[in-house]
>>> print(open('target12.cif').read())   # mmCIF, C-alpha atoms
data_upload
#
loop_
_atom_site.label_atom_id
_atom_site.label_comp_id
_atom_site.auth_asym_id
_atom_site.auth_seq_id
_atom_site.Cartn_x
_atom_site.Cartn_y
_atom_site.Cartn_z
CA MET A 130 24.81 -112.19 -3.93
CA ARG A 131 26.45 -114.14 -6.73
CA PRO A 132 24.15 -114.78 -9.67
CA PHE A 133 23.07 -118.32 -10.36
CA GLY A 134 24.88 -120.21 -13.09
CA GLU A 135 22.89 -121.03 -16.18
CA LEU A 136 21.87 -124.54 -15.08
CA GLU A 137 21.32 -123.43 -11.50
CA ALA A 138 18.95 -120.77 -12.77
CA ALA A 139 17.05 -123.29 -14.90
CA ILE A 140 16.69 -125.64 -11.92
CA MET A 141 15.55 -122.86 -9.57
CA ARG A 142 13.01 -121.71 -12.12
CA ASP A 143 11.72 -125.27 -12.42
CA LEU A 144 11.47 -125.71 -8.65
CA TRP A 145 9.63 -122.41 -8.30
CA GLU A 146 7.13 -123.37 -10.96
CA ARG A 147 6.21 -126.54 -9.07
CA ALA A 148 3.92 -126.28 -6.08
CA GLU A 149 5.51 -129.26 -4.29
CA PRO A 150 9.07 -130.46 -3.65
CA ALA A 151 10.77 -132.43 -6.40
CA THR A 152 13.42 -135.12 -6.80
CA VAL A 153 16.42 -134.87 -9.09
CA ARG A 154 14.60 -137.24 -11.46
CA ASP A 155 11.54 -134.91 -11.61
CA VAL A 156 13.68 -131.88 -12.39
CA LEU A 157 15.70 -133.84 -14.94
CA ALA A 158 12.50 -134.93 -16.66
CA SER A 159 11.17 -131.40 -17.08
CA LEU A 160 14.52 -129.91 -18.10
CA SER A 161 15.20 -132.70 -20.59
CA THR A 162 12.40 -131.51 -22.84
CA SER A 163 14.55 -128.58 -23.96
CA ARG A 164 18.06 -130.08 -23.74
CA LYS A 165 20.05 -133.23 -23.11
CA LEU A 166 21.32 -133.52 -19.55
CA ALA A 167 22.93 -136.29 -17.52
CA TYR A 168 21.33 -137.35 -14.25
CA THR A 169 24.61 -136.86 -12.39
CA THR A 170 24.99 -133.31 -13.73
CA VAL A 171 21.61 -132.26 -12.41
CA MET A 172 22.27 -134.07 -9.14
CA THR A 173 25.59 -132.26 -8.66
CA VAL A 174 24.09 -128.84 -9.37
CA MET A 175 21.16 -129.46 -7.02
CA ASP A 176 23.59 -130.60 -4.37
CA ASN A 177 25.51 -127.34 -4.86
CA LEU A 178 22.30 -125.35 -4.51
CA HIS A 179 21.64 -127.18 -1.26
CA ARG A 180 25.16 -126.43 -0.04
CA LYS A 181 24.67 -122.75 -0.93
CA GLY A 182 21.48 -122.67 1.13
CA GLN A 183 19.17 -122.00 -1.80
CA VAL A 184 17.19 -125.25 -1.43
CA THR A 185 16.35 -127.56 1.47
CA ARG A 186 15.93 -131.31 1.10
CA GLU A 187 14.40 -134.20 2.99
CA MET A 188 14.69 -137.91 2.42
CA SER A 189 11.56 -139.48 1.03
CA GLY A 190 11.84 -143.20 0.46
CA ARG A 191 15.17 -143.58 -1.31
CA ALA A 192 15.46 -140.12 -2.92
CA TRP A 193 15.98 -136.58 -1.73
CA LEU A 194 13.06 -134.21 -2.16
CA TYR A 195 14.23 -130.63 -2.90
CA ARG A 196 12.32 -127.43 -2.26
CA PRO A 197 13.45 -123.78 -2.63
CA VAL A 198 14.24 -121.99 0.64
CA ARG A 199 12.76 -118.73 -0.64
CA THR A 200 9.86 -118.15 -2.98
CA GLN A 201 10.59 -116.47 -6.30
CA ALA A 202 9.07 -113.22 -5.00
CA GLN A 203 11.27 -113.32 -1.89
CA HIS A 204 14.30 -114.01 -4.02
CA ALA A 205 13.38 -111.14 -6.36
CA ALA A 206 12.98 -108.74 -3.44
CA ALA A 207 16.32 -109.74 -1.88
CA LEU A 208 18.11 -109.59 -5.19
CA LEU A 209 16.64 -106.20 -6.05
CA GLN A 210 17.82 -104.85 -2.71
CA ASP A 211 21.32 -106.16 -3.44
CA VAL A 212 21.33 -104.65 -6.90
CA LEU A 213 20.20 -101.27 -5.63
CA ALA A 214 22.70 -101.22 -2.77
CA GLU A 215 25.60 -102.31 -4.94
CA SER A 216 24.99 -99.93 -7.81
CA ALA A 217 23.81 -96.86 -5.88
CA ASP A 218 26.65 -94.71 -7.21
CA ARG A 219 27.72 -96.68 -10.26
CA GLN A 220 25.93 -94.97 -13.10
CA GLU A 221 28.24 -96.59 -15.62
CA VAL A 222 26.67 -99.90 -14.59
CA LEU A 223 23.04 -98.94 -14.22
CA MET A 224 21.13 -95.67 -14.17
CA HIS A 225 18.32 -95.12 -11.68
CA PHE A 226 15.33 -92.96 -12.41
CA VAL A 227 15.57 -91.30 -9.00
CA ALA A 228 17.72 -91.78 -5.91
CA ASP A 229 16.50 -91.99 -2.32
CA LEU A 230 15.26 -88.71 -0.87
CA ASP A 231 14.50 -87.77 2.70
CA SER A 232 10.87 -87.27 3.64
CA ASP A 233 11.09 -83.47 4.06
CA SER A 234 12.21 -82.84 0.51
CA VAL A 235 9.69 -85.34 -0.84
CA THR A 236 6.89 -83.42 0.89
CA GLN A 237 8.16 -80.08 -0.40
CA LEU A 238 8.58 -81.33 -3.94
CA ARG A 239 5.12 -82.92 -3.90
CA SER A 240 3.46 -79.65 -2.94
CA ALA A 241 5.44 -77.82 -5.64
CA VAL A 242 4.25 -80.34 -8.25
CA GLU A 243 0.63 -80.14 -7.10
CA SER A 244 0.56 -76.35 -7.19
CA ALA A 245 2.10 -76.41 -10.68
CA ARG A 246 -0.61 -78.87 -11.73
CA ARG A 247 -3.33 -76.60 -10.35
CA ARG A 248 -1.85 -73.58 -12.11
CA GLY A 249 -1.81 -75.56 -15.34
CA GLN A 250 -5.44 -76.61 -14.94
CA GLN A 251 -6.52 -73.07 -14.12
CA ALA A 252 -4.72 -71.75 -17.18
CA GLU A 253 -6.48 -74.36 -19.29
CA GLY A 254 -9.89 -73.74 -17.69
CA GLY A 255 -9.51 -69.94 -17.79
CA GLY A 256 -8.40 -69.88 -21.41
CA PRO A 257 -10.72 -69.28 -24.35
CA MET B 272 62.04 -75.99 -22.89
CA ILE B 273 59.81 -72.95 -23.33
CA ALA B 274 57.11 -75.13 -24.90
CA SER B 275 57.24 -77.61 -22.02
CA LEU B 276 57.04 -74.86 -19.44
CA SER B 277 54.14 -73.12 -21.20
CA LEU B 278 52.28 -76.42 -21.42
CA LEU B 279 52.78 -77.06 -17.72
CA CYS B 280 51.47 -73.57 -16.99
CA VAL B 281 48.42 -74.19 -19.17
CA ALA B 282 47.80 -77.50 -17.40
CA ALA B 283 48.05 -75.82 -14.01
CA ALA B 284 45.59 -73.15 -15.15
CA ILE B 285 43.10 -75.75 -16.39
CA LEU B 286 43.36 -77.75 -13.17
CA LEU B 287 42.92 -74.66 -11.02
CA VAL B 288 40.25 -72.75 -12.92
CA GLY B 289 38.43 -75.70 -14.56
CA PRO B 290 36.34 -76.70 -11.53
CA ARG B 291 34.68 -73.26 -11.67
CA LEU B 292 32.64 -74.45 -14.65
CA ALA B 293 30.47 -76.17 -12.03
CA SER B 294 29.03 -72.81 -10.99
CA ALA B 295 28.26 -71.65 -14.54
CA PRO B 296 24.50 -70.98 -14.63
CA TRP B 297 24.17 -71.82 -18.33
CA ALA B 298 25.08 -75.48 -17.74
CA ARG B 299 21.51 -76.27 -16.66
CA GLN B 300 20.09 -74.64 -19.77
CA ALA B 301 22.31 -76.60 -22.14
CA PRO B 302 23.32 -79.85 -20.44
CA ARG B 303 24.68 -81.36 -23.65
CA VAL B 304 27.15 -78.50 -24.20
CA ALA B 305 28.05 -78.55 -20.52
CA ILE B 306 28.93 -82.27 -20.66
CA PHE B 307 31.00 -81.57 -23.77
CA ALA B 308 32.77 -78.74 -21.96
CA TRP B 309 33.61 -80.98 -18.99
CA GLN B 310 34.98 -83.63 -21.33
CA ALA B 311 37.03 -81.02 -23.19
CA LEU B 312 38.46 -79.61 -19.95
CA THR B 313 39.41 -82.95 -18.45
CA ILE B 314 40.82 -84.43 -21.66
CA SER B 315 42.72 -81.23 -22.36
CA ALA B 316 44.27 -81.33 -18.88
CA VAL B 317 45.60 -84.82 -19.62
CA ILE B 318 46.77 -84.00 -23.16
CA THR B 319 48.57 -80.88 -21.99
CA VAL B 320 50.53 -82.69 -19.31
CA VAL B 321 51.44 -85.56 -21.66
CA LEU B 322 52.55 -83.11 -24.35
CA ALA B 323 54.70 -81.28 -21.81
CA GLY B 324 56.47 -84.60 -21.27
CA VAL B 325 56.80 -85.24 -25.01
CA THR B 326 58.29 -81.81 -25.70
CA LEU B 327 60.84 -82.40 -22.94
CA LEU B 328 61.90 -85.63 -24.63
CA ILE B 329 62.02 -84.42 -28.25
CA PRO B 330 65.68 -83.23 -28.15
CA ILE B 331 67.02 -86.57 -26.96
CA THR B 332 64.99 -88.98 -29.02
CA ALA B 333 64.36 -89.97 -32.62
CA LEU B 334 61.14 -87.98 -32.30
CA ALA B 335 63.01 -84.89 -33.49
CA GLY B 336 63.77 -86.57 -36.84
CA ASP B 337 60.19 -87.83 -37.28
CA LEU B 338 58.76 -84.48 -36.38
CA GLY B 339 61.27 -82.78 -38.69
CA ALA B 340 60.15 -85.01 -41.56
CA VAL B 341 56.55 -84.01 -40.95
CA VAL B 342 57.22 -80.26 -40.98
CA HIS B 343 60.13 -80.46 -43.48
CA ALA B 344 62.91 -79.38 -41.15
CA CYS B 345 66.05 -81.20 -40.15
CA ALA B 346 66.24 -83.13 -36.91
CA MET B 347 68.89 -80.92 -35.42
CA SER B 348 66.99 -77.69 -35.78
CA VAL B 349 63.83 -79.31 -34.42
CA ALA B 350 65.78 -80.60 -31.43
CA ASP B 351 67.30 -77.17 -31.04
CA ALA B 352 63.89 -75.49 -31.21
CA TYR B 353 62.69 -77.54 -28.25
CA GLY B 354 65.84 -76.66 -26.33
CA GLU B 355 68.46 -78.81 -24.72
CA SER B 356 67.18 -80.70 -21.76
CA GLU B 357 70.61 -81.81 -20.72
CA LEU B 358 69.57 -82.24 -17.14
CA LEU B 359 68.77 -85.78 -16.17
CA PRO B 360 65.83 -84.77 -13.94
CA GLY B 361 64.26 -83.03 -16.94
CA LYS B 362 64.53 -86.16 -19.06
CA LEU B 363 63.20 -88.37 -16.30
CA PHE B 364 60.32 -85.99 -15.68
CA GLY B 365 59.55 -85.96 -19.42
CA ALA B 366 59.61 -89.75 -19.60
CA PHE B 367 57.33 -89.94 -16.58
CA LEU B 368 54.76 -87.53 -18.03
CA ALA B 369 54.84 -88.93 -21.56
CA GLY B 370 55.19 -92.62 -20.68
CA ALA B 371 53.99 -93.54 -17.22
CA LEU B 372 50.98 -91.23 -17.20
CA PRO B 373 49.28 -92.54 -20.38
CA MET B 374 50.07 -96.08 -19.26
CA TRP B 375 48.40 -95.51 -15.90
CA LEU B 376 45.37 -94.00 -17.64
CA LEU B 377 45.16 -97.04 -19.88
CA ILE B 378 45.23 -99.36 -16.87
CA CYS B 379 42.50 -97.37 -15.13
CA GLY B 380 40.47 -97.27 -18.33
CA VAL B 381 40.58 -101.04 -18.65
CA ARG B 382 39.68 -101.37 -14.97
CA VAL B 383 36.66 -99.05 -15.11
CA LEU B 384 35.31 -100.28 -18.45
CA GLY B 385 36.08 -103.94 -17.72
CA GLY B 386 34.64 -103.69 -14.22
CA GLY B 387 31.48 -102.09 -15.57
CA TRP B 388 31.15 -104.74 -18.26
CA TRP B 389 31.61 -107.54 -15.70
CA SER B 390 29.12 -106.06 -13.23
CA ARG B 391 26.52 -105.60 -15.95
CA ARG B 392 27.00 -109.19 -17.09
CA GLN B 393 26.47 -110.47 -13.55
CA LEU B 394 23.46 -108.20 -13.13
CA ARG B 395 21.88 -109.34 -16.37
CA ARG B 396 22.26 -112.95 -15.29
CA SER B 397 20.76 -112.26 -11.86
CA LEU B 398 17.92 -110.25 -13.32
CA SER B 399 17.07 -112.78 -16.01
CA LEU B 400 15.79 -115.10 -13.30
CA ILE B 401 13.45 -112.61 -11.67
CA THR B 402 12.21 -110.49 -14.59
CA GLU B 403 9.43 -111.08 -17.07
CA THR B 404 9.41 -109.22 -20.34
CA ASP B 405 6.46 -106.92 -20.96
CA ALA B 406 6.37 -106.87 -24.74
CA GLY B 407 3.76 -104.11 -24.85
CA LEU B 408 5.91 -101.61 -22.96
CA GLY B 409 9.20 -103.10 -24.14
CA ILE B 410 10.54 -103.40 -20.60
CA SER B 411 11.51 -106.05 -18.04
CA VAL B 412 9.29 -106.30 -14.98
CA ILE B 413 10.32 -107.57 -11.54
CA GLU B 414 7.42 -109.03 -9.59
CA THR B 415 8.01 -107.30 -6.28
CA PRO B 416 6.10 -104.57 -4.45
CA ALA B 417 9.29 -102.54 -3.80
CA PRO B 418 9.42 -99.52 -6.13
CA ALA B 419 12.34 -99.13 -8.53
CA ALA B 420 12.98 -98.11 -12.11
CA PHE B 421 16.38 -98.24 -13.79
CA CYS B 422 18.09 -99.07 -17.03
CA LEU B 423 20.97 -101.36 -17.75
CA PRO B 424 23.09 -100.10 -20.66
CA GLY B 425 25.28 -102.28 -22.82
CA ARG B 426 24.86 -104.70 -25.64
CA SER B 427 21.47 -106.06 -24.60
CA ALA B 428 20.27 -102.86 -22.97
CA GLN B 429 17.07 -103.06 -20.99
CA ILE B 430 14.76 -100.93 -18.88
CA VAL B 431 13.71 -102.59 -15.64
CA VAL B 432 10.67 -101.52 -13.60
CA THR B 433 9.22 -103.27 -10.56
CA ARG B 434 5.56 -104.23 -10.29
CA GLY B 435 5.32 -101.90 -7.30
CA ALA B 436 6.39 -98.92 -9.42
CA LEU B 437 4.20 -99.95 -12.36
CA SER B 438 1.02 -100.16 -10.33
CA ASN B 439 1.57 -96.94 -8.39
CA LEU B 440 2.55 -94.60 -11.22
CA SER B 441 -0.12 -92.97 -13.36
CA SER B 442 0.17 -93.80 -17.05
CA CYS B 443 1.52 -90.32 -17.86
CA GLU B 444 4.11 -90.64 -15.12
CA LEU B 445 5.12 -94.06 -16.36
CA ASP B 446 5.57 -92.65 -19.87
CA GLY B 447 7.89 -90.07 -18.38
CA VAL B 448 9.96 -92.69 -16.54
CA LEU B 449 10.28 -94.87 -19.63
CA ALA B 450 11.15 -91.94 -21.91
CA HIS B 451 13.81 -90.78 -19.44
CA GLU B 452 15.42 -94.22 -19.23
CA ALA B 453 15.19 -94.76 -22.98
CA ALA B 454 17.03 -91.46 -23.48
CA HIS B 455 19.86 -92.71 -21.22
CA LEU B 456 20.20 -95.83 -23.31
CA ARG B 457 19.86 -94.11 -26.69
CA GLY B 458 22.38 -91.40 -25.76
CA ARG B 459 24.81 -93.92 -24.25
CA HIS B 460 25.06 -91.67 -21.21
CA ASN B 461 26.91 -94.39 -19.33
CA LEU B 462 29.93 -93.78 -21.57
CA ALA B 463 30.09 -90.11 -20.56
CA VAL B 464 30.02 -91.18 -16.92
CA ALA B 465 32.61 -93.91 -17.53
CA LEU B 466 35.00 -91.44 -19.18
CA SER B 467 34.85 -89.05 -16.24
CA GLN B 468 35.09 -92.02 -13.88
CA ILE B 469 38.34 -93.23 -15.48
CA LEU B 470 40.05 -89.90 -14.85
CA ALA B 471 38.60 -89.56 -11.35
CA ARG B 472 39.75 -93.08 -10.49
CA ALA B 473 43.21 -92.54 -11.99
CA PHE B 474 43.81 -89.29 -10.10
CA PRO B 475 41.59 -89.26 -7.01
CA ARG B 476 43.37 -86.21 -5.57
CA VAL B 477 42.77 -83.96 -8.58
CA ARG B 478 39.76 -81.79 -7.83
CA LEU B 479 38.92 -81.06 -11.48
CA PHE B 480 38.30 -84.74 -12.20
CA GLN B 481 36.18 -85.24 -9.10
CA VAL B 482 34.04 -82.21 -9.88
CA ALA B 483 33.74 -83.28 -13.53
CA THR B 484 32.43 -86.71 -12.48
CA ARG B 485 29.92 -85.21 -10.06
CA GLU B 486 28.67 -82.72 -12.65
CA THR B 487 28.52 -85.25 -15.48
CA ARG B 488 26.37 -87.55 -13.36
CA GLN B 489 23.95 -84.72 -12.70
CA LEU B 490 23.98 -83.37 -16.26
CA ILE B 491 23.05 -86.70 -17.87
CA GLU B 492 19.91 -86.71 -15.73
CA LEU B 493 18.99 -83.24 -17.00
CA LEU B 494 19.73 -84.36 -20.54
CA ALA B 495 17.47 -87.41 -20.17
CA ASP B 496 14.72 -85.24 -18.66
CA ASP B 497 14.92 -82.87 -21.64
CA ALA B 498 14.63 -85.81 -24.04
CA ALA B 499 11.67 -87.21 -22.10
CA LEU B 500 9.83 -83.89 -22.47
CA GLN B 501 9.27 -84.69 -26.13
CA ARG B 502 6.87 -87.43 -24.99
CA VAL B 503 5.37 -86.14 -21.73
CA ASP B 504 4.67 -82.73 -20.27
CA ARG B 505 6.79 -81.09 -17.58
CA VAL B 506 4.41 -81.47 -14.67
CA ASN B 507 3.88 -85.19 -15.24
CA LEU B 508 7.60 -85.86 -15.49
CA ALA B 509 8.23 -83.88 -12.28
CA SER B 510 5.35 -85.76 -10.69
CA ALA B 511 6.91 -89.10 -11.70
CA ILE B 512 10.16 -88.18 -9.95
CA VAL B 513 8.31 -87.25 -6.76
CA SER B 514 5.95 -90.24 -6.90
CA LEU B 515 8.74 -92.75 -7.20
CA ALA B 516 10.68 -91.05 -4.38
CA GLU B 517 7.52 -91.07 -2.23
CA MET B 518 7.04 -94.81 -2.71
CA LYS B 519 10.51 -95.58 -1.43
CA ALA B 520 10.88 -95.79 2.32
CA PRO B 521 12.28 -92.46 3.53
CA ALA B 522 15.99 -93.00 3.72
CA ALA B 523 19.06 -91.20 4.97
CA ALA B 524 19.61 -89.65 1.56
CA LEU B 525 22.97 -88.69 0.14
CA ALA B 526 23.15 -84.91 0.01
CA MET B 527 24.32 -85.00 -3.60
CA ALA B 528 21.51 -87.23 -4.83
CA GLN B 529 19.08 -85.10 -2.88
CA ASP B 530 20.25 -81.87 -4.52
CA ALA B 531 20.15 -83.51 -7.94
CA ALA B 532 16.49 -84.54 -7.54
CA VAL B 533 15.49 -81.13 -6.22
CA LEU B 534 17.26 -79.46 -9.14
CA ARG B 535 15.51 -81.74 -11.64
CA VAL B 536 12.04 -81.06 -10.24
CA SER B 537 12.48 -77.31 -9.91
CA ARG B 538 13.97 -77.12 -13.40
CA LEU B 539 10.94 -78.97 -14.78
CA LEU B 540 8.41 -76.86 -12.94
CA SER B 541 9.94 -73.46 -13.68
CA PRO B 542 11.76 -73.88 -16.99
CA GLU B 543 14.53 -71.47 -17.90
CA PRO B 544 14.65 -70.09 -21.45
CA PRO B 545 16.94 -71.99 -23.83
CA LEU B 546 20.50 -70.75 -24.05
CA ASN B 547 21.00 -67.70 -26.26
CA PRO B 548 22.46 -69.01 -29.58
CA TRP B 549 25.50 -66.78 -29.28
CA ARG B 550 26.38 -67.97 -25.80
CA TYR B 551 25.83 -71.49 -27.06
CA ARG B 552 28.42 -70.96 -29.81
CA VAL B 553 30.85 -69.28 -27.44
CA ALA B 554 30.63 -72.29 -25.11
CA VAL B 555 31.26 -74.79 -27.92
CA VAL B 556 34.15 -72.80 -29.42
CA GLY B 557 35.61 -72.29 -25.95
CA ALA B 558 35.54 -76.02 -25.27
CA LEU B 559 37.21 -76.76 -28.63
CA THR B 560 39.87 -74.12 -27.97
CA VAL B 561 40.79 -75.72 -24.68
CA VAL B 562 41.54 -78.96 -26.53
CA VAL B 563 43.33 -77.44 -29.54
CA ALA B 564 45.46 -74.86 -27.70
CA PRO B 565 47.91 -77.34 -26.13
CA LEU B 566 48.45 -78.99 -29.53
CA LEU B 567 49.33 -75.61 -31.02
CA ILE B 568 51.68 -74.73 -28.18
CA ALA B 569 53.44 -78.09 -28.47
CA GLY B 570 53.81 -77.81 -32.25
CA TYR B 571 54.85 -74.16 -32.38
CA PRO B 572 58.65 -74.65 -32.00
CA ALA B 573 58.68 -77.31 -34.73
CA VAL B 574 56.85 -75.00 -37.09
CA CYS B 575 59.29 -72.18 -36.27
CA ALA B 576 62.21 -74.49 -37.01
CA ALA B 577 60.67 -75.36 -40.36
CA LEU B 578 60.10 -71.71 -41.22
CA SER B 579 63.62 -70.62 -40.31
CA ASP B 580 64.80 -73.08 -42.98
CA ILE B 581 68.35 -73.21 -41.67
CA CYS B 582 69.86 -76.41 -40.40
CA ASN B 583 71.66 -75.77 -37.13
CA ILE B 584 74.54 -78.18 -37.13
CA PRO B 585 76.76 -77.37 -34.19
#
>>> encode(input="target12.cif", output="structure tokens")
Amino acid sequence: MRPFGELEAAIMRDLWERAEPATVRDVLASLSTSRKLAYTTVMTVMDNLHRKGQVTREMSGRAWLYRPVRTQAQHAAALLQDVLAESADRQEVLMHFVADLDSDSVTQLRSAVESARRRGQQAEGGGP
Amino acid sequence: MIASLSLLCVAAAILLVGPRLASAPWARQAPRVAIFAWQALTISAVITVVLAGVTLLIPITALAGDLGAVVHACAMSVADAYGESELLPGKLFGAFLAGALPMWLLICGVRVLGGGWWSRRQLRRSLSLITETDAGLGISVIETPAPAAFCLPGRSAQIVVTRGALSNLSSCELDGVLAHEAAHLRGRHNLAVALSQILARAFPRVRLFQVATRETRQLIELLADDAALQRVDRVNLASAIVSLAEMKAPAAALAMAQDAAVLRVSRLLSPEPPLNPWRYRVAVVGALTVVVAPLLIAGYPAVCAALSDICNIP
């Protein structure tokens, strides 16, 4: 999945923060508080997002109403999956705490950890 | 000629015997020295081969004069000391080893480092949209129930943990995870991996480089675990590894990753004594020798020419 461009990301964030669909003018209004943007710029980027399948739109009166296809949580989950799949063996890019293990070894390792914990507690309890 | 041949023999020996370091039992006790030893072996293999090429070329190039100026001997006797490589194949072979090989390494280096830089940039941009900073823990949090914990090295390094992992790990376990990832970032472990990766990518058929990459990947995990032990105890760190693996859906695991995790946990639960100081020194000196020896072999004829003090003008 290609990352969003800077303005795309700002627009997606704005759309996610709203509960209801928004027009280009709505988005422009809330983004304009932090920077100066042209109406046509925002319109073009939102059109691109629609073309990329990130937002849906429906005509309401004389303006398009945009809404994100996926919620932020859904997007986060999909993106995370992509990141993990892409970088599974690329430690020079990112380093995981632990890789995937099969269930047999997880069970074995868990019992080893628990018995070590018990031994530790016994040693503590049995000490002076 | 003798110098070139000896260097090629040394290179062959390193390439053949080097991979055996993987079975050295002390590597787990001193991961830092072991990583250093792998770097020394792989870099030495490259230096030796390049120097073999250079020594083949010395008689026919201006190098003889430069080298002579350095050791105070005349160009002719230096050229003579390295022997006549009159044969065209010898010259071509020398040019290939001394010219094409470093160039290829440079290209692969740019590819690996540039590719890593680009991927991290893309990742940072993607992540910035779905992460919230937790100032208290100093980490980025992804609001998703899927468990994951990783760190992104580089200029704006960050540790990323998902909400799912945060809420399922005990606070001691979480400390262990964060200390482990912080150690990766502080130690710039990604650079050690990148170095081994460059050589492995440049020469995919050379077993030494493949083994070195595999071992380096595993050793940086041991190194980060050791660093984390300064903040959490062994059992909690081992427990964090198992807990995070448990949370993930059981997957068809890669055998290598599987072995690495098992090694980490068993090493934490039944610690081995630290490496005997003498063996530690022997390992370090051995690694240094492997790097310095080819330089000595390559320079020996020039030094001899300087000592003989006679200018051989035919």
>>> resolve_selection(input="target12.cif", expression="the PyMOL selection byres ((chain A and resi 157) around 10)", output="number ranges by chain")
A: 140, 143, 151-156, 158-162, 164-172
>>> atom_distance(input="target12.cif", atom1="CA of Ala516 (chain B)", atom2="CA of Leu238 (chain A)")
10.0 Å
>>> resolve_selection(input="target12.cif", expression="the PyMOL selection byres ((chain A) within 9 of (chain B))", output="JSON, numbers by chain")
{"A": [130, 131, 132, 133, 134, 135, 138, 139, 141, 142, 201, 202, 203, 204, 205, 206, 208, 209, 210, 212, 213, 219, 220, 221, 222, 223, 224, 225, 226, 227, 228, 229, 230, 231, 232, 234, 235, 236, 238, 239, 241, 242, 243, 245, 246, 249]}
>>> resolve_selection(input="target12.cif", expression="the PyMOL selection byres ((chain A and resi 176-182) around 9)", output="list in words")
Glu137, Met141, Val171, Met172, Thr173, Val174, Met175, Gln183, Val184, Thr185, Arg186, Tyr195, Pro197 and Val198 of chain A
>>> atom_distance(input="target12.cif", atom1="CA of Val482 (chain B)", atom2="CA of Pro290 (chain B)")
6.2 Å
>>> residues_near_point(input="target12.cif", point="(44.9, -73.9, -20.1)", cutoff="10 Å", atoms="only C-alpha atoms", output="tab-separated table (two decimals) with C-alpha atoms, keeping the file's coordinate frame")
chain	number	residue	atom	x	y	z
B	277	SER	CA	54.14	-73.12	-21.20
B	278	LEU	CA	52.28	-76.42	-21.42
B	279	LEU	CA	52.78	-77.06	-17.72
B	280	CYS	CA	51.47	-73.57	-16.99
B	281	VAL	CA	48.42	-74.19	-19.17
B	282	ALA	CA	47.80	-77.50	-17.40
B	283	ALA	CA	48.05	-75.82	-14.01
B	284	ALA	CA	45.59	-73.15	-15.15
B	285	ILE	CA	43.10	-75.75	-16.39
B	286	LEU	CA	43.36	-77.75	-13.17
B	287	LEU	CA	42.92	-74.66	-11.02
B	288	VAL	CA	40.25	-72.75	-12.92
B	289	GLY	CA	38.43	-75.70	-14.56
B	312	LEU	CA	38.46	-79.61	-19.95
B	315	SER	CA	42.72	-81.23	-22.36
B	316	ALA	CA	44.27	-81.33	-18.88
B	319	THR	CA	48.57	-80.88	-21.99
B	560	THR	CA	39.87	-74.12	-27.97
B	561	VAL	CA	40.79	-75.72	-24.68
B	562	VAL	CA	41.54	-78.96	-26.53
B	564	ALA	CA	45.46	-74.86	-27.70
B	565	PRO	CA	47.91	-77.34	-26.13
>>> atom_distance(input="target12.cif", atom1="CA of Leu322 (chain B)", atom2="CA of Ala569 (chain B)")
6.6 Å
